[in-house]
Number of protein chains: 2
Amino acid sequence: MQKPSIPKGTRDFSPEEMVRRDHIFDTIKNVFRLFGYQPVETPAMENLATLTGKYGEEGDKLLFRILNSGNFLSKVSTDELEHMPPAALATRISEKGLRYDLTVPFARYVVQHRNEITFPFKRYQIQPVWRADKPQRGRYREFYQCDADVIGSRSMLNEVELIQIIDEVFARLGIKVSVHVNNRKILTGIAEYIGEAGNMMIMTMAIDKLDKIGLEGVVREMRAGGLSGEAIEKLQPILTMKGKLKERFPALQEMLKNSPTGLEGIQDTMTILKYLKDLGMKARFDLDLTLARGLDYYTGAIIEVLAEDVPMGSICGGGRYDDLTGIFGMKDVSGVGISFGADRIYDVMNEMGLFENLGVASSQVMFVNFGPEEERYCMNILQKLRQERITAEIYPEAAKMKKQMTYANNKNIPFVVLIGSEEMKNGRAGLKNMKTGEQHTIDTEELPDEFKKNSRAAGG
Amino acid sequence: MQKPSIPKGTRDFSPEEMVRRDHIFDTIKNVFRLFGYQPVETPAMENLATLTGKYGEEGDKLLFRILNSGNFLSKVSTDELEHMPPAALATRISEKGLRYDLTVPFARYVVQHRNEITFPFKRYQIQPVWRADKPQRGRYREFYQCDADVIGSRSMLNEVELIQIIDEVFARLGIKVSVHVNNRKILTGIAEYIGEAGNMMIMTMAIDKLDKIGLEGVVREMRAGGLSGEAIEKLQPILTMKGKLKERFPALQEMLKNSPTGLEGIQDTMTILKYLKDLGMKARFDLDLTLARGLDYYTGAIIEVLAEDVPMGSICGGGRYDDLTGIFGMKDVSGVGISFGADRIYDVMNEMGLFENLGVASSQVMFVNFGPEEERYCMNILQKLRQERITAEIYPEAAKMKKQMTYANNKNIPFVVLIGSEEMKNGRAGLKNMKTGEQHTIDTEELPDEFKKNSRAAGG
């Protein structure tokens, strides 16, 4: 009998962890709702036709494929079986795969349900995704994404509101963050300005690594990628540009004056940042020309959020994509969205000790079980408490007192009620506060109010 | 470009459906908590070693298998490839599968985390499961289960509380149900009584189909299964036994007087039903000797719930299983649990029109967008409303009035605020009630209280 285990890169979540995760999910969900976003859910399994080719070659390799049911080889010849490369054979014996992110399924959803949807469509989605990534610290094969997207509106107001959502979520969670904003059109403009329009992706990918490999590394990558030394010379002052926005924007506009795309990107970014300034943000926010974001479907604004007090990398990011639904045959629908990384947010809050006052999803009170008589008597009181929405339980059997108390302790149950034959006679109950250890007796009739008082005090 | 679609047997959930499903999940979750159950979650993917052999041959066929990543054929020889039966080959190229139910993963969880768990362990779990079943009306390949189990206690109190949970959940959802209770030990006793102890499973499986195939059908099945005509004769009066509990129990005890197991089952069932009678149930509940429940890991009490007003089959069921964790090497741990069928409950509530007053997860108010000036002005008011936890949005661009109004209408947004240049000057706002169509103007300062009043009125 092998010791039971779960696949590497996956996790079980204990009651303690569940409370913390639900706190994060509920906070994000409530803020999404506050801004008029509506929930949808899509199946864990999508047709591979929907998923493949959307995440690049690397992404395709990381898809979890579902083996066709029944005789999955029926359509495969012996010859194919022997000579087909695994990747090709895989597509012959599996038609379904697990969701890799929430963006592509959402695009599929929008196209499939286009006739039922009122545009602009503001939807949020909080579900797990799966990637056959090499598991390592902080990287899992099953993890949750929390996405909000607007589709069918080109207004910068959407970018503004999504950044307001980011600001509100992290304020509520108690995480100090900085919001970095850039625009793909500016990067295009810069590529044109340095005379490397054709190498825009190489430039972007290199810049994207700045925080990891430093300026020298970026320069090395761009040179390796075929950018001219002159171009790289011209680029560096832009990447290192400092100063106030009202100085950097004009300087940038001067540089990109011959790039209509670049100027458009600057204009959009100015609109967004001006709005945020007027509305007032709790978080720091700034234009970051070194922000590129890997995924290539972004075409406009790009956003990235970093925790100020814990080095963790991006804990939230997003951007505008001009033709996401195009891949499913619905052209010219612009969308913009953000995605919260629940696992990294969890780790940040854990390191900052932000979960300490959260408590456990546990009963407010446990009744000690003294035997059949007392049990029957207590069950009626329990019922009254539960009718008052007070979470309560009784130890299911008349075990040793020590065992019952340990149970209450381990489950962090704040109060224990003791009703033995004596108390039964005179309608009294022993009430023990498990934190302070103090104990006193009260009338059983007073118990409901007692716990309502305490749960209010506990903010429960 | 093929029209986008999802795998058969799976579903997308629209905002309207999400509100309804969340209502069901939240109700169940809150009642679970009320009784001291704590949440856990397990990964969607389990090792096939954990899943296979737990659901019978049929079940194994219905498991969704995950194709190993990379070169999944590396460990398979050409010879095996050509001659291995698909089922055998499948186990060579896939090591993981999708969760088939929540019970086996829970058993695996308990054994794996036995040292962190305080027993008796009362856990609930609400997650999707996957079965490669033939899709048909009301049967899906991805569906949610809502389970509550206690593990590590033999006390009948657990059965009693689980039935109280069932009673409370369906009362809160507004579904009139009847709770059917039986005990596998009674069925064992009956098999002994009719001299067919060896054919207990055949008898059980046949009885299980009574409501579907009728008494004749059951008799036919038992005969085909090898039960003697005499045994079947002896069984029939038991299956059709009528009358009050206080008559049926003694009669049953007389019949099974030579079966210690049978008498134990009767005793346990009497304890449970007596408790329920004393505590008072909203739902009808009764001993049902024809209740057997297919899955064979049950060893004690078995429970099934039917909706009284809609023919839908079982919408909730459960029972006690001794030694579930034994399959993972942790012996003699008794458990009992129930599982709510969210999809059938959804269908029942839909047919009964119980969703009508539920509304949609939508904003309380939409601001019409009259242009850049007004937009900027409204954004500040929006911010104040949202600070008061009022869900609010503004149409993201200055589209035609008709288009903006249609948007508010389709999203079931109850109120629309209109602030044009005129209103801006004198700090007033047009407030339109989208249900009644009536419109009046108020001071923008009054807006927050206005909506707080309305949301209270709407119970929001």
# chains A, B, ... in the order shown; residues from 1 in each chain; ligands from 1
$ residues_around --residues "range 66-75 of chain B" --least-positions-apart "2" --cutoff "9 Å" --atoms "only C-alpha atoms" --output "list of chain:residue names"
A:Lys61, A:Leu62, A:Leu63, A:Phe64, A:Arg65, A:Ile66, A:Leu67, A:Pro85, A:Pro86, A:Ala87, A:Ala90, A:Ser94, A:Gly97, A:Ala132, B:Met45, B:Phe64, B:Ser77, B:Leu81, B:Ala90, B:Arg92, B:Ile93, B:Ser94, B:Glu95, B:Lys96, B:Gly97, B:Leu98
$ interface_residues --of "chain B" --to "chain A" --cutoff "7 Å" --atoms "only C-alpha atoms" --output "PyMOL selection string"
chain B and resi 1+4-7+10-15+18+33-36+38-43+46-47+64-67+69+71-73+78+82+86+108+112+118+132+155+157-158+279+328-329+361-363+380+386+389-393+396-397+407+410
$ residues_around --residues "range 224-232 of chain A" --least-positions-apart "3" --cutoff "7 Å" --atoms "only C-alpha atoms" --output "ChimeraX atom specification"
/A:194-196,202,219-221,235-236
$ closest_residue --among "B:Ile442, B:Ile190, B:Met401, B:Leu354" --to "Lys257 in chain B" --atoms "only C-alpha atoms"
B:Ile190
$ select_by_dssp --residues "range 210-431 of chain A" --states "strand (DSSP E or B)" --output "MDAnalysis selection string"
chainID A and resid 284:287 301:307 314:321 335:341 365:367 392:394 415:418 428:431
$ write_last_selection --atoms "C-alpha atoms" --output "short mmCIF file (atom, residue, chain, number, x, y, z; two decimals), in the first residue's frame"
data_model
loop_
_atom_site.label_atom_id
_atom_site.label_comp_id
_atom_site.auth_asym_id
_atom_site.auth_seq_id
_atom_site.Cartn_x
_atom_site.Cartn_y
_atom_site.Cartn_z
CA ARG A 284 1.74 54.93 -6.11
CA PHE A 285 1.34 54.82 -9.88
CA ASP A 286 3.68 55.87 -12.67
CA LEU A 287 4.57 55.59 -16.33
CA ALA A 301 -2.13 49.94 -22.37
CA ILE A 302 -0.18 47.49 -20.21
CA ILE A 303 -0.37 47.40 -16.41
CA GLU A 304 1.70 45.66 -13.75
CA VAL A 305 1.41 45.77 -9.96
CA LEU A 306 4.22 45.17 -7.47
CA ALA A 307 4.04 44.82 -3.69
CA SER A 314 4.07 40.98 -10.36
CA ILE A 315 1.01 40.22 -8.19
CA CYS A 316 -1.45 41.65 -10.70
CA GLY A 317 -1.23 42.67 -14.33
CA GLY A 318 -3.15 43.28 -17.49
CA GLY A 319 -3.61 45.36 -20.55
CA ARG A 320 -5.59 46.09 -23.70
CA TYR A 321 -5.82 43.65 -26.59
CA GLY A 335 -10.92 44.45 -24.89
CA VAL A 336 -8.97 45.33 -21.78
CA GLY A 337 -8.51 43.26 -18.64
CA ILE A 338 -6.57 42.58 -15.47
CA SER A 339 -5.67 39.38 -13.65
CA PHE A 340 -4.89 38.99 -9.94
CA GLY A 341 -2.40 36.30 -8.93
CA VAL A 365 -19.16 27.42 20.71
CA MET A 366 -18.79 23.72 21.48
CA PHE A 367 -20.98 21.86 23.94
CA ALA A 392 -22.37 25.77 17.24
CA GLU A 393 -21.57 22.11 17.72
CA ILE A 394 -21.57 19.38 20.36
CA PHE A 415 -16.28 29.18 23.91
CA VAL A 416 -17.17 25.86 25.51
CA VAL A 417 -20.48 25.18 27.26
CA LEU A 418 -20.63 22.58 30.04
CA ARG A 428 -27.84 26.67 34.21
CA ALA A 429 -24.76 26.25 32.00
CA GLY A 430 -21.02 26.52 32.60
CA LEU A 431 -19.51 28.90 30.05
#
$ select_by_dssp --residues "range 26-262 of chain B" --states "alpha helix (DSSP H)" --output "ChimeraX atom specification"
/B:26-34,48-51,56-61,78-83,86-93,103-112,157-173,184-193,200-208,210-224,229-239,245-255,260-262
$ atom_distance --atom1 "CA of Val129 in chain B" --atom2 "CA of Val169 in chain B"
21.5 Å
$ atom_distance --atom1 "CA of Ser178 in chain B" --atom2 "CA of Pro311 in chain B"
12.2 Å
$ residues_around --residues "Asn258 in chain A" --least-positions-apart "6" --cutoff "10 Å" --atoms "only C-alpha atoms" --output "ChimeraX atom specification"
/A:189,192-193
$ write_last_selection --atoms "all heavy atoms" --output "PDB file, in the first residue's frame"
ATOM      1  N   GLY A 189       6.338  52.872 -31.076  1.00  0.00           N
ATOM      2  CA  GLY A 189       6.900  54.168 -31.467  1.00  0.00           C
ATOM      3  C   GLY A 189       8.396  54.221 -31.203  1.00  0.00           C
ATOM      4  O   GLY A 189       9.173  54.679 -32.046  1.00  0.00           O
ATOM      5  N   GLU A 192      10.265  52.260 -33.735  1.00  0.00           N
ATOM      6  CA  GLU A 192      10.386  53.044 -34.974  1.00  0.00           C
ATOM      7  C   GLU A 192      11.457  54.120 -34.805  1.00  0.00           C
ATOM      8  O   GLU A 192      12.330  54.307 -35.652  1.00  0.00           O
ATOM      9  CB  GLU A 192       9.037  53.676 -35.329  1.00  0.00           C
ATOM     10  CG  GLU A 192       7.968  52.659 -35.700  1.00  0.00           C
ATOM     11  CD  GLU A 192       6.588  53.317 -35.869  1.00  0.00           C
ATOM     12  OE1 GLU A 192       6.514  54.566 -35.844  1.00  0.00           O
ATOM     13  OE2 GLU A 192       5.598  52.565 -35.988  1.00  0.00           O
ATOM     14  N   TYR A 193      11.398  54.809 -33.655  1.00  0.00           N
ATOM     15  CA  TYR A 193      12.319  55.928 -33.395  1.00  0.00           C
ATOM     16  C   TYR A 193      13.777  55.485 -33.467  1.00  0.00           C
ATOM     17  O   TYR A 193      14.627  56.181 -34.024  1.00  0.00           O
ATOM     18  CB  TYR A 193      11.986  56.523 -32.026  1.00  0.00           C
ATOM     19  CG  TYR A 193      13.043  57.429 -31.451  1.00  0.00           C
ATOM     20  CD1 TYR A 193      13.313  58.685 -32.034  1.00  0.00           C
ATOM     21  CD2 TYR A 193      13.765  57.052 -30.319  1.00  0.00           C
ATOM     22  CE1 TYR A 193      14.273  59.522 -31.496  1.00  0.00           C
ATOM     23  CE2 TYR A 193      14.731  57.890 -29.771  1.00  0.00           C
ATOM     24  CZ  TYR A 193      14.978  59.119 -30.362  1.00  0.00           C
ATOM     25  OH  TYR A 193      15.931  59.941 -29.829  1.00  0.00           O
TER      26      TYR A 193
END
$ atom_distance --atom1 "CA of His180 in chain A" --atom2 "CA of Leu273 in chain A"
10.6 Å
$ residues_around --residues "Lys54 in chain A" --least-positions-apart "4" --cutoff "8 Å" --atoms "only C-alpha atoms" --output "list of chain:residue names"
A:Gly59, A:Asp60, A:Val104
$ closest_residue --among "B:Asp443, B:Asp309, B:Asp101, B:Asp167" --to "Gly353 in chain B" --atoms "only C-alpha atoms"
B:Asp309
$ decode --residues "range 171-273 of chain A" --atoms "C-alpha atoms" --output "mmCIF file, in the first residue's frame"
data_model
loop_
_atom_site.group_PDB
_atom_site.id
_atom_site.type_symbol
_atom_site.label_atom_id
_atom_site.label_comp_id
_atom_site.auth_asym_id
_atom_site.auth_seq_id
_atom_site.Cartn_x
_atom_site.Cartn_y
_atom_site.Cartn_z
ATOM 1 C CA ALA A 171 -6.181 48.763 -0.054
ATOM 2 C CA ARG A 172 -8.811 46.382 1.355
ATOM 3 C CA LEU A 173 -6.267 43.556 1.618
ATOM 4 C CA GLY A 174 -3.801 45.878 3.345
ATOM 5 C CA ILE A 175 -1.009 45.477 0.771
ATOM 6 C CA LYS A 176 0.945 48.595 -0.227
ATOM 7 C CA VAL A 177 1.491 48.413 -3.990
ATOM 8 C CA SER A 178 2.870 50.433 -6.889
ATOM 9 C CA VAL A 179 1.051 50.375 -10.234
ATOM 10 C CA HIS A 180 3.247 50.508 -13.335
ATOM 11 C CA VAL A 181 1.612 51.696 -16.561
ATOM 12 C CA ASN A 182 2.928 51.631 -20.116
ATOM 13 C CA ASN A 183 1.529 51.257 -23.623
ATOM 14 C CA ARG A 184 2.499 48.868 -26.405
ATOM 15 C CA LYS A 185 1.989 51.693 -28.899
ATOM 16 C CA ILE A 186 4.697 53.699 -27.148
ATOM 17 C CA LEU A 187 7.022 50.704 -27.426
ATOM 18 C CA THR A 188 6.157 50.455 -31.126
ATOM 19 C CA GLY A 189 6.900 54.168 -31.467
ATOM 20 C CA ILE A 190 10.219 53.718 -29.702
ATOM 21 C CA ALA A 191 11.126 50.789 -31.990
ATOM 22 C CA GLU A 192 10.386 53.044 -34.974
ATOM 23 C CA TYR A 193 12.319 55.928 -33.395
ATOM 24 C CA ILE A 194 15.461 53.818 -32.989
ATOM 25 C CA GLY A 195 14.998 52.464 -36.514
ATOM 26 C CA GLU A 196 14.159 48.902 -35.478
ATOM 27 C CA ALA A 197 10.417 48.727 -36.222
ATOM 28 C CA GLY A 198 10.942 45.189 -37.563
ATOM 29 C CA ASN A 199 12.573 44.042 -34.317
ATOM 30 C CA MET A 200 9.880 45.437 -32.020
ATOM 31 C CA MET A 201 9.112 42.046 -30.413
ATOM 32 C CA ILE A 202 12.811 41.303 -29.786
ATOM 33 C CA MET A 203 13.211 44.735 -28.187
ATOM 34 C CA THR A 204 10.071 44.264 -26.095
ATOM 35 C CA MET A 205 11.072 40.810 -24.897
ATOM 36 C CA ALA A 206 14.520 42.095 -23.924
ATOM 37 C CA ILE A 207 13.174 45.151 -22.069
ATOM 38 C CA ASP A 208 10.725 42.852 -20.274
ATOM 39 C CA LYS A 209 13.691 41.204 -18.542
ATOM 40 C CA LEU A 210 15.267 44.476 -17.313
ATOM 41 C CA ASP A 211 14.506 43.864 -13.619
ATOM 42 C CA LYS A 212 15.882 40.310 -13.889
ATOM 43 C CA ILE A 213 19.027 40.681 -16.053
ATOM 44 C CA GLY A 214 19.747 44.416 -15.742
ATOM 45 C CA LEU A 215 20.538 46.937 -18.457
ATOM 46 C CA GLU A 216 23.675 45.098 -19.596
ATOM 47 C CA GLY A 217 21.707 41.897 -19.999
ATOM 48 C CA VAL A 218 19.018 43.686 -21.984
ATOM 49 C CA VAL A 219 21.638 45.259 -24.244
ATOM 50 C CA ARG A 220 23.276 41.862 -24.757
ATOM 51 C CA GLU A 221 19.918 40.287 -25.674
ATOM 52 C CA MET A 222 19.047 43.027 -28.141
ATOM 53 C CA ARG A 223 22.428 42.787 -29.786
ATOM 54 C CA ALA A 224 22.044 39.016 -30.004
ATOM 55 C CA GLY A 225 18.564 39.594 -31.417
ATOM 56 C CA GLY A 226 20.051 41.684 -34.237
ATOM 57 C CA LEU A 227 19.427 45.254 -33.091
ATOM 58 C CA SER A 228 22.110 47.669 -34.305
ATOM 59 C CA GLY A 229 24.520 49.195 -31.796
ATOM 60 C CA GLU A 230 23.293 52.619 -32.872
ATOM 61 C CA ALA A 231 19.700 51.676 -32.129
ATOM 62 C CA ILE A 232 20.642 50.346 -28.717
ATOM 63 C CA GLU A 233 22.559 53.582 -27.994
ATOM 64 C CA LYS A 234 19.472 55.565 -28.932
ATOM 65 C CA LEU A 235 17.240 53.391 -26.733
ATOM 66 C CA GLN A 236 19.171 53.503 -23.462
ATOM 67 C CA PRO A 237 18.383 57.118 -22.420
ATOM 68 C CA ILE A 238 14.681 56.323 -22.897
ATOM 69 C CA LEU A 239 14.834 53.291 -20.629
ATOM 70 C CA THR A 240 16.648 55.287 -17.966
ATOM 71 C CA MET A 241 14.543 58.449 -18.397
ATOM 72 C CA LYS A 242 13.721 60.012 -15.000
ATOM 73 C CA GLY A 243 11.744 63.014 -13.807
ATOM 74 C CA LYS A 244 8.167 64.248 -13.435
ATOM 75 C CA LEU A 245 5.467 63.093 -15.860
ATOM 76 C CA LYS A 246 4.971 66.635 -17.123
ATOM 77 C CA GLU A 247 8.620 66.616 -18.178
ATOM 78 C CA ARG A 248 8.852 63.039 -19.504
ATOM 79 C CA PHE A 249 5.710 63.132 -21.654
ATOM 80 C CA PRO A 250 6.792 66.190 -23.708
ATOM 81 C CA ALA A 251 10.282 64.750 -24.116
ATOM 82 C CA LEU A 252 8.750 61.487 -25.299
ATOM 83 C CA GLN A 253 6.357 63.287 -27.668
ATOM 84 C CA GLU A 254 9.328 65.120 -29.182
ATOM 85 C CA MET A 255 11.210 61.852 -29.748
ATOM 86 C CA LEU A 256 8.240 60.019 -31.243
ATOM 87 C CA LYS A 257 6.897 62.966 -33.239
ATOM 88 C CA ASN A 258 7.247 60.999 -36.484
ATOM 89 C CA SER A 259 5.389 57.960 -35.142
ATOM 90 C CA PRO A 260 1.575 58.405 -35.197
ATOM 91 C CA THR A 261 1.238 55.102 -33.279
ATOM 92 C CA GLY A 262 3.714 56.243 -30.663
ATOM 93 C CA LEU A 263 1.973 59.588 -30.198
ATOM 94 C CA GLU A 264 -1.375 57.809 -29.865
ATOM 95 C CA GLY A 265 0.096 55.608 -27.153
ATOM 96 C CA ILE A 266 1.405 58.662 -25.315
ATOM 97 C CA GLN A 267 -1.979 60.394 -25.597
ATOM 98 C CA ASP A 268 -3.838 57.368 -24.218
ATOM 99 C CA THR A 269 -1.399 57.006 -21.339
ATOM 100 C CA MET A 270 -1.649 60.708 -20.478
ATOM 101 C CA THR A 271 -5.452 60.419 -20.436
ATOM 102 C CA ILE A 272 -5.309 57.462 -18.053
ATOM 103 C CA LEU A 273 -2.747 58.939 -15.653
#
